[in-house]
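**Student:** See run-v4.txt below, with compact mmCIF, C-alpha atoms and all ligand atoms.
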```txt
# COMPACT_ATOMS: atom_id res chain seq x y z
CA MET A 10 71.34 88.94 76.30
CA ASP A 11 73.88 86.14 76.59
CA CYS A 12 76.51 85.99 73.92
CA ASP A 13 78.98 83.16 73.47
CA MET A 14 81.67 85.62 72.41
CA ASP A 15 81.71 87.47 75.73
CA LEU A 16 84.80 86.91 77.82
CA ILE A 17 83.58 88.79 80.87
CA THR A 18 79.99 88.97 82.06
CA LEU A 19 78.62 90.53 85.23
CA LYS A 20 74.99 89.76 85.95
CA ASP A 21 73.11 91.86 88.45
CA ILE A 22 76.03 92.36 90.83
CA THR A 23 75.38 94.04 94.17
CA PHE A 24 78.22 94.78 96.57
CA ALA A 25 78.28 96.64 99.90
CA TYR A 26 81.17 96.89 102.38
CA GLY A 27 78.85 96.39 105.36
CA GLU A 28 75.32 95.30 106.10
CA ASP A 29 74.23 98.80 107.04
CA GLU A 30 76.16 100.45 104.24
CA PRO A 31 74.52 101.53 100.99
CA PRO A 32 75.69 99.30 98.14
CA VAL A 33 78.74 100.55 96.24
CA LEU A 34 77.66 98.53 93.22
CA ASP A 35 73.89 98.23 92.86
CA HIS A 36 72.52 95.65 90.41
CA LEU A 37 75.36 96.17 87.96
CA SER A 38 75.38 94.18 84.72
CA PHE A 39 77.63 94.35 81.70
CA SER A 40 79.52 92.11 79.35
CA LEU A 41 82.67 92.52 77.35
CA ALA A 42 83.81 90.56 74.32
CA LYS A 43 87.34 89.28 73.92
CA GLY A 44 89.68 91.87 72.41
CA LYS A 45 87.55 94.86 73.35
CA CYS A 46 88.40 97.80 75.57
CA LEU A 47 86.08 98.93 78.35
CA VAL A 48 86.75 102.27 80.00
CA VAL A 49 85.23 102.63 83.47
CA GLU A 50 84.63 106.18 84.60
CA GLY A 51 83.05 107.76 87.64
CA GLU A 52 84.05 110.19 90.34
CA ASN A 53 86.04 109.27 93.45
CA GLY A 54 84.17 106.73 95.52
CA ALA A 55 81.99 105.59 92.63
CA GLY A 56 83.19 101.99 93.00
CA LYS A 57 85.76 101.57 90.20
CA THR A 58 88.36 99.92 92.42
CA THR A 59 85.71 97.79 94.11
CA LEU A 60 84.55 96.57 90.71
CA PHE A 61 88.14 95.75 89.71
CA ARG A 62 88.65 93.75 92.92
CA ILE A 63 85.59 91.70 92.04
CA LEU A 64 86.81 91.17 88.47
CA ASN A 65 90.10 89.90 89.87
CA GLY A 66 88.47 87.57 92.38
CA LEU A 67 89.70 89.54 95.40
CA SER A 68 86.23 90.59 96.59
CA PHE A 69 82.92 88.82 96.13
CA PRO A 70 79.51 90.41 95.64
CA GLN A 71 76.59 89.73 97.97
CA SER A 72 74.45 88.86 94.98
CA GLY A 73 74.76 88.45 91.25
CA ARG A 74 77.10 86.37 89.11
CA TYR A 75 80.48 86.92 87.52
CA LEU A 76 81.37 84.77 84.52
CA PHE A 77 84.87 84.68 83.07
CA ASP A 78 85.07 82.80 79.80
CA GLY A 79 81.89 80.97 80.74
CA ILE A 80 83.13 79.96 84.21
CA GLN A 81 81.43 81.30 87.30
CA ILE A 82 84.07 82.99 89.43
CA ASP A 83 83.20 82.86 93.12
CA ARG A 84 84.79 81.97 96.46
CA ASN A 85 84.11 78.32 95.94
CA TYR A 86 85.70 78.17 92.49
CA LEU A 87 88.81 80.06 93.58
CA LYS A 88 89.24 77.92 96.71
CA ASN A 89 90.71 75.32 94.38
CA ASN A 90 94.37 76.27 93.90
CA GLN A 91 94.54 75.01 90.37
CA ASN A 92 91.49 77.08 89.40
CA ALA A 93 92.88 80.16 91.12
CA LYS A 94 96.24 79.79 89.37
CA LEU A 95 94.67 79.44 85.94
CA PHE A 96 92.34 82.38 86.51
CA HIS A 97 95.04 84.74 87.82
CA LYS A 98 97.34 83.76 84.98
CA ARG A 99 94.81 85.02 82.44
CA ILE A 100 94.19 88.40 84.08
CA GLY A 101 96.80 91.04 84.82
CA TYR A 102 95.84 93.62 87.43
CA LEU A 103 97.53 96.96 87.86
CA PHE A 104 96.57 98.27 91.30
CA GLN A 105 95.63 101.92 91.66
CA ASN A 106 98.38 102.31 94.24
CA PRO A 107 101.49 100.41 93.13
CA ASP A 108 103.11 100.99 96.54
CA LEU A 109 100.93 98.19 97.82
CA ILE A 110 102.46 95.56 95.59
CA LEU A 111 106.11 96.59 95.14
CA PHE A 112 108.14 94.72 97.72
CA ASN A 113 111.20 93.28 95.98
CA ALA A 114 114.73 94.55 96.54
CA SER A 115 115.30 95.62 92.93
CA VAL A 116 113.34 96.57 89.85
CA TYR A 117 114.71 93.46 88.14
CA ASP A 118 113.50 91.14 90.90
CA GLU A 119 110.16 92.89 91.05
CA ILE A 120 109.48 92.19 87.38
CA ALA A 121 110.96 88.68 87.64
CA PHE A 122 108.79 87.76 90.62
CA GLY A 123 105.69 86.66 88.70
CA PRO A 124 107.48 84.64 86.02
CA ARG A 125 109.55 82.92 88.75
CA GLN A 126 106.34 82.10 90.64
CA MET A 127 105.02 80.58 87.43
CA GLY A 128 108.00 78.25 87.48
CA LEU A 129 109.62 79.50 84.27
CA LYS A 130 113.26 78.67 83.64
CA GLU A 131 115.64 81.44 84.72
CA THR A 132 116.76 82.04 81.10
CA GLU A 133 113.13 82.55 80.08
CA VAL A 134 112.57 84.79 83.12
CA GLN A 135 115.57 86.87 82.08
CA THR A 136 114.28 87.32 78.52
CA ARG A 137 110.88 88.43 79.76
CA VAL A 138 112.32 90.84 82.33
CA GLU A 139 114.72 92.42 79.81
CA ASP A 140 111.88 92.81 77.28
CA CYS A 141 109.60 94.41 79.83
CA MET A 142 112.32 96.72 81.18
CA ASN A 143 112.99 97.90 77.62
CA LEU A 144 109.31 98.36 76.89
CA PHE A 145 108.82 100.63 79.89
CA HIS A 146 112.24 102.33 79.79
CA LEU A 147 113.33 100.87 83.10
CA SER A 148 116.69 99.33 82.25
CA ALA A 149 118.58 102.15 83.94
CA TYR A 150 116.83 101.37 87.23
CA ARG A 151 117.28 97.61 87.18
CA ASP A 152 119.21 97.46 90.47
CA LYS A 153 117.31 100.24 92.23
CA ALA A 154 114.80 99.50 94.97
CA PRO A 155 111.29 100.12 93.60
CA TYR A 156 110.46 101.71 96.94
CA HIS A 157 112.81 104.62 96.17
CA LEU A 158 111.46 105.42 92.70
CA SER A 159 109.07 108.26 91.84
CA GLY A 160 105.33 107.65 91.56
CA GLY A 161 105.40 107.46 87.77
CA GLN A 162 108.41 105.15 87.77
CA LYS A 163 106.71 102.87 90.30
CA LYS A 164 103.68 102.71 88.05
CA ARG A 165 105.86 101.63 85.13
CA VAL A 166 107.55 98.95 87.25
CA ALA A 167 104.15 97.66 88.38
CA LEU A 168 102.92 97.58 84.78
CA ALA A 169 106.10 95.86 83.60
CA ALA A 170 105.59 93.25 86.34
CA VAL A 171 102.04 92.67 85.10
CA MET A 172 103.16 92.39 81.47
CA ALA A 173 105.93 89.93 82.31
CA LEU A 174 103.17 87.39 82.90
CA ASN A 175 101.75 87.99 79.42
CA PRO A 176 98.10 87.99 80.52
CA GLU A 177 95.30 88.01 77.96
CA VAL A 178 93.21 90.49 79.95
CA LEU A 179 94.61 93.72 81.39
CA ILE A 180 92.70 95.41 84.21
CA LEU A 181 94.30 98.76 84.91
CA ASP A 182 93.14 100.96 87.78
CA GLU A 183 93.86 104.59 86.88
CA PRO A 184 97.08 103.81 85.02
CA PHE A 185 97.45 107.39 83.78
CA ALA A 186 97.17 109.04 87.19
CA GLY A 187 100.46 110.64 88.18
CA LEU A 188 102.15 110.17 84.80
CA ASP A 189 103.72 113.12 83.03
CA GLN A 190 102.79 113.91 79.43
CA LYS A 191 105.55 111.86 77.86
CA ASN A 192 104.88 108.76 79.94
CA ALA A 193 101.16 109.12 79.37
CA GLU A 194 101.75 109.22 75.60
CA ASN A 195 103.96 106.13 75.82
CA LEU A 196 101.36 104.30 77.85
CA MET A 197 98.62 105.26 75.39
CA ALA A 198 100.70 103.94 72.48
CA PHE A 199 101.42 100.75 74.42
CA LEU A 200 97.75 100.16 75.19
CA LYS A 201 96.82 100.69 71.54
CA GLU A 202 99.38 98.06 70.62
CA MET A 203 97.95 95.68 73.19
CA LYS A 204 94.53 96.20 71.67
CA SER A 205 95.86 95.46 68.19
CA ALA A 206 97.47 92.34 69.60
CA GLY A 207 94.04 91.15 70.69
CA LYS A 208 94.25 91.76 74.44
CA THR A 209 91.08 92.56 76.34
CA LEU A 210 91.40 95.80 78.30
CA ILE A 211 89.48 97.23 81.25
CA ILE A 212 90.73 100.64 82.29
CA ALA A 213 89.56 103.01 85.01
CA SER A 214 90.18 106.55 83.91
CA HIS A 215 88.50 109.91 83.90
CA HIS A 216 90.73 111.31 81.14
CA PRO A 217 88.55 112.05 78.10
CA ALA A 218 91.46 111.12 75.80
CA VAL A 219 91.51 107.56 77.13
CA LYS A 220 87.84 107.14 76.34
CA GLU A 221 88.18 108.78 72.93
CA ARG A 222 91.25 106.89 71.82
CA LEU A 223 90.77 103.43 73.32
CA ALA A 224 87.23 102.66 74.42
CA ASP A 225 84.92 100.29 72.59
CA GLU A 226 82.57 100.47 75.55
CA VAL A 227 82.17 102.88 78.43
CA LEU A 228 80.77 102.11 81.87
CA THR A 229 79.92 105.08 84.06
CA LEU A 230 79.61 104.33 87.76
CA CYS A 231 77.71 106.67 90.05
CA ASN A 232 78.52 107.58 93.60
CA ASN A 233 75.75 106.30 95.88
CA LYS A 234 76.90 108.41 98.83
CA SER A 235 76.93 112.14 98.55
CA GLU A 236 80.48 113.19 99.17
CA SER A 237 80.43 116.89 98.58
CA PHE A 238 82.96 119.00 100.36
N1 LIG B 301 87.80 98.43 102.28
C1 LIG B 301 86.75 99.25 102.35
N2 LIG B 301 85.93 99.25 103.42
C2 LIG B 301 84.86 100.06 103.50
N3 LIG B 301 84.50 100.93 102.51
C3 LIG B 301 85.28 100.97 101.41
C4 LIG B 301 86.44 100.14 101.27
N4 LIG B 301 87.00 100.40 100.06
C5 LIG B 301 86.24 101.35 99.49
N5 LIG B 301 85.20 101.70 100.29
C6 LIG B 301 84.14 102.67 99.98
O1 LIG B 301 83.47 102.19 98.82
C7 LIG B 301 83.17 103.26 97.96
C8 LIG B 301 83.80 102.98 96.57
O2 LIG B 301 85.21 103.03 96.68
P1 LIG B 301 86.17 102.67 95.47
O3 LIG B 301 85.74 101.37 94.89
O4 LIG B 301 87.56 102.78 95.95
O5 LIG B 301 85.82 103.83 94.43
P2 LIG B 301 86.70 104.51 93.27
O6 LIG B 301 87.78 103.56 92.92
O7 LIG B 301 85.73 104.75 92.15
O8 LIG B 301 87.23 105.80 93.83
C9 LIG B 301 83.68 104.52 98.63
O9 LIG B 301 82.59 105.12 99.32
C10 LIG B 301 84.71 104.00 99.59
O10 LIG B 301 84.81 104.85 100.71
MG MG B 302 89.78 103.72 92.80
```
What would you get if you wrote out this structure as structure tokens?

**Tutor:**
Amino acid sequence: MDCDMDLITLKDITFAYGEDEPPVLDHLSFSLAKGKCLVVEGENGAGKTTLFRILNGLSFPQSGRYLFDGIQIDRNYLKNNQNAKLFHKRIGYLFQNPDLILFNASVYDEIAFGPRQMGLKETEVQTRVEDCMNLFHLSAYRDKAPYHLSGGQKKRVALAAVMALNPEVLILDEPFAGLDQKNAENLMAFLKEMKSAGKTLIIASHHPAVKERLADEVLTLCNNKSESF
């Protein structure tokens, strides 16, 4: 059923990586209202990351439709730079592997990168970066190269870089993986705050606590290939 309140709607999405490959996502449909939290679960290879790439306009399904705030997101729509800019500004995406996106010389520059790209004044950039470094306890590493940090620290830098753009939707691919207990608790508290602040959250996680404490909706993806060891 269509609902005007839904921010994100997938209609009958099918995606395969190759013509002879079985589909990773097979006639998938769901919708999510603004301000709600969807937890996506499923074993390795179930298609969580593939789904997140589609939601971020980085991959496109062979069939089906993706609507974001009533706009159909497809190759054609995102070809227009203005459209792409607006769309990416509204969604923050934490990659499963932050190594892939950390490339700046320092933690400070890494977090400042997005706001600078947005054309914010350097004083505004500085305020945002300081706020985000405080939020994720990164101030002590401000001049360190992200490349040399631990896995959990890299994850916090990547998340701080996402938050510096102040997106209204957060799409987080296994944000708890590799975090120790304390950092996981901090992240949980942060995500609860984001929810209270009205952000829309989509989180891939297999931790039962994430589902129990955050989810309004749960989507369970199934592995279409048998991958037993
Ligand atoms: N770039 C790619 N090319 C071909 N197959 C891929 C690619 N990325 C993922 N796959 C395959 O698609 C399936 C789903 O992967 P993925 O979306 O990463 O699942 P998950 O994030 O749930 O572990 C897996 O079988 C994986 O091997
Ligand atoms: Mg994945």

**Student:** For Arg99 (chain A), find every residue with an atom within 8 Å (counting all atoms listed in the file), except residues of its own chain fewer than 2 positions away, and show them as a ChimeraX atom specification.

**Tutor:** /A:95-97,101,176-178

**Student:** When distances are computed from only C-alpha atoms and all ligand atoms, which of A:Asp182, A:Glu139, A:Asp15, A:Glu131 shows the smallest separation from ligand MG 302 (chain B)?

**Tutor:** A:Asp182

**Student:** Record the distance separating atom N1 of ligand LIG 301 (chain B) and CA of Val48 (chain A), expressed in Å with one decimal.

**Tutor:**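 Distance reported for this atom pair: 22.6 Å.
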
**Student:** Throw together the list of residues within 7 Å of ligand MG 302 (chain B), counting all atoms listed in the file, and drop it here as a PyMOL selection string.

**Tutor:** chain A and resi 53-54+56-58+105+182

**Student:** Around ligand LIG 301 (chain B), out to 10 Å and counting all atoms listed in the file, which residues are there? I want them as number ranges by chain.

**Tutor:** A: 24-27, 30-34, 49-62, 68, 105, 182-183, 213-214, 229-236

**Student:** How many Å separate CA of Gln190 (chain A) from CA of Gly161 (chain A)?

**Tutor:** 10.9 Å

**Student:** Take CA of Ala170 (chain A) and CA of Leu223 (chain A) and report the distance between them in Å, one decimal.

**Tutor:** 22.2 Å

**Student:** Residues at most 10 Å from Ala149 (chain A), counting all atoms listed in the file, excluding those fewer than 5 positions away in the same chain, as a ChimeraX atom specification?

**Tutor:** /A:116,142-143

**Student:** Select, from A:Val134, A:Leu19, A:Ala169, A:Ala114, the residue with the minimum atom-to-atom distance to Gly73 (chain A), counting only C-alpha atoms.

**Tutor:**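 Among the listed residues, A:Leu19 lies closest to Gly73 (chain A).
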
**Student:** Using only C-alpha atoms for the distances, tell me which of A:Phe185, A:Tyr150, A:Phe77, A:Phe112 is nearest to Ile212 (chain A).

**Tutor:**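 Of the candidates, the smallest distance to Ile212 (chain A) is held by A:Phe185.
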
**Student:** Could you tell me which of A:Phe122, A:Glu202, A:Asn89, A:Met197 comes closest to Ala167 (chain A) if we count all atoms listed in the file?

**Tutor:**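 Answer, going by the shortest atom-to-atom distance: A:Phe122.
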
**Student:** As a PyMOL selection string, please: the residues near Lys153 (chain A) (cut-off 12 Å, only C-alpha atoms, same-chain neighbours under 5 positions excluded).

**Tutor:** chain A and resi 113-119+147-148+158-159+162-163+166

**Student:** Would you please work out which residue, of A:Thr132, A:Ser40, A:Ala206, A:Pro184, is nearest to Val219 (chain A) when using all atoms listed in the file?

**Tutor:** A:Pro184

**Student:** Just checking: using only C-alpha atoms, which residue out of A:Pro107, A:Gly123, A:Gly44, A:Pro70 ends up closest to Arg165 (chain A)?

**Tutor:**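 Smallest separation from Arg165 (chain A) among the options: A:Pro107.
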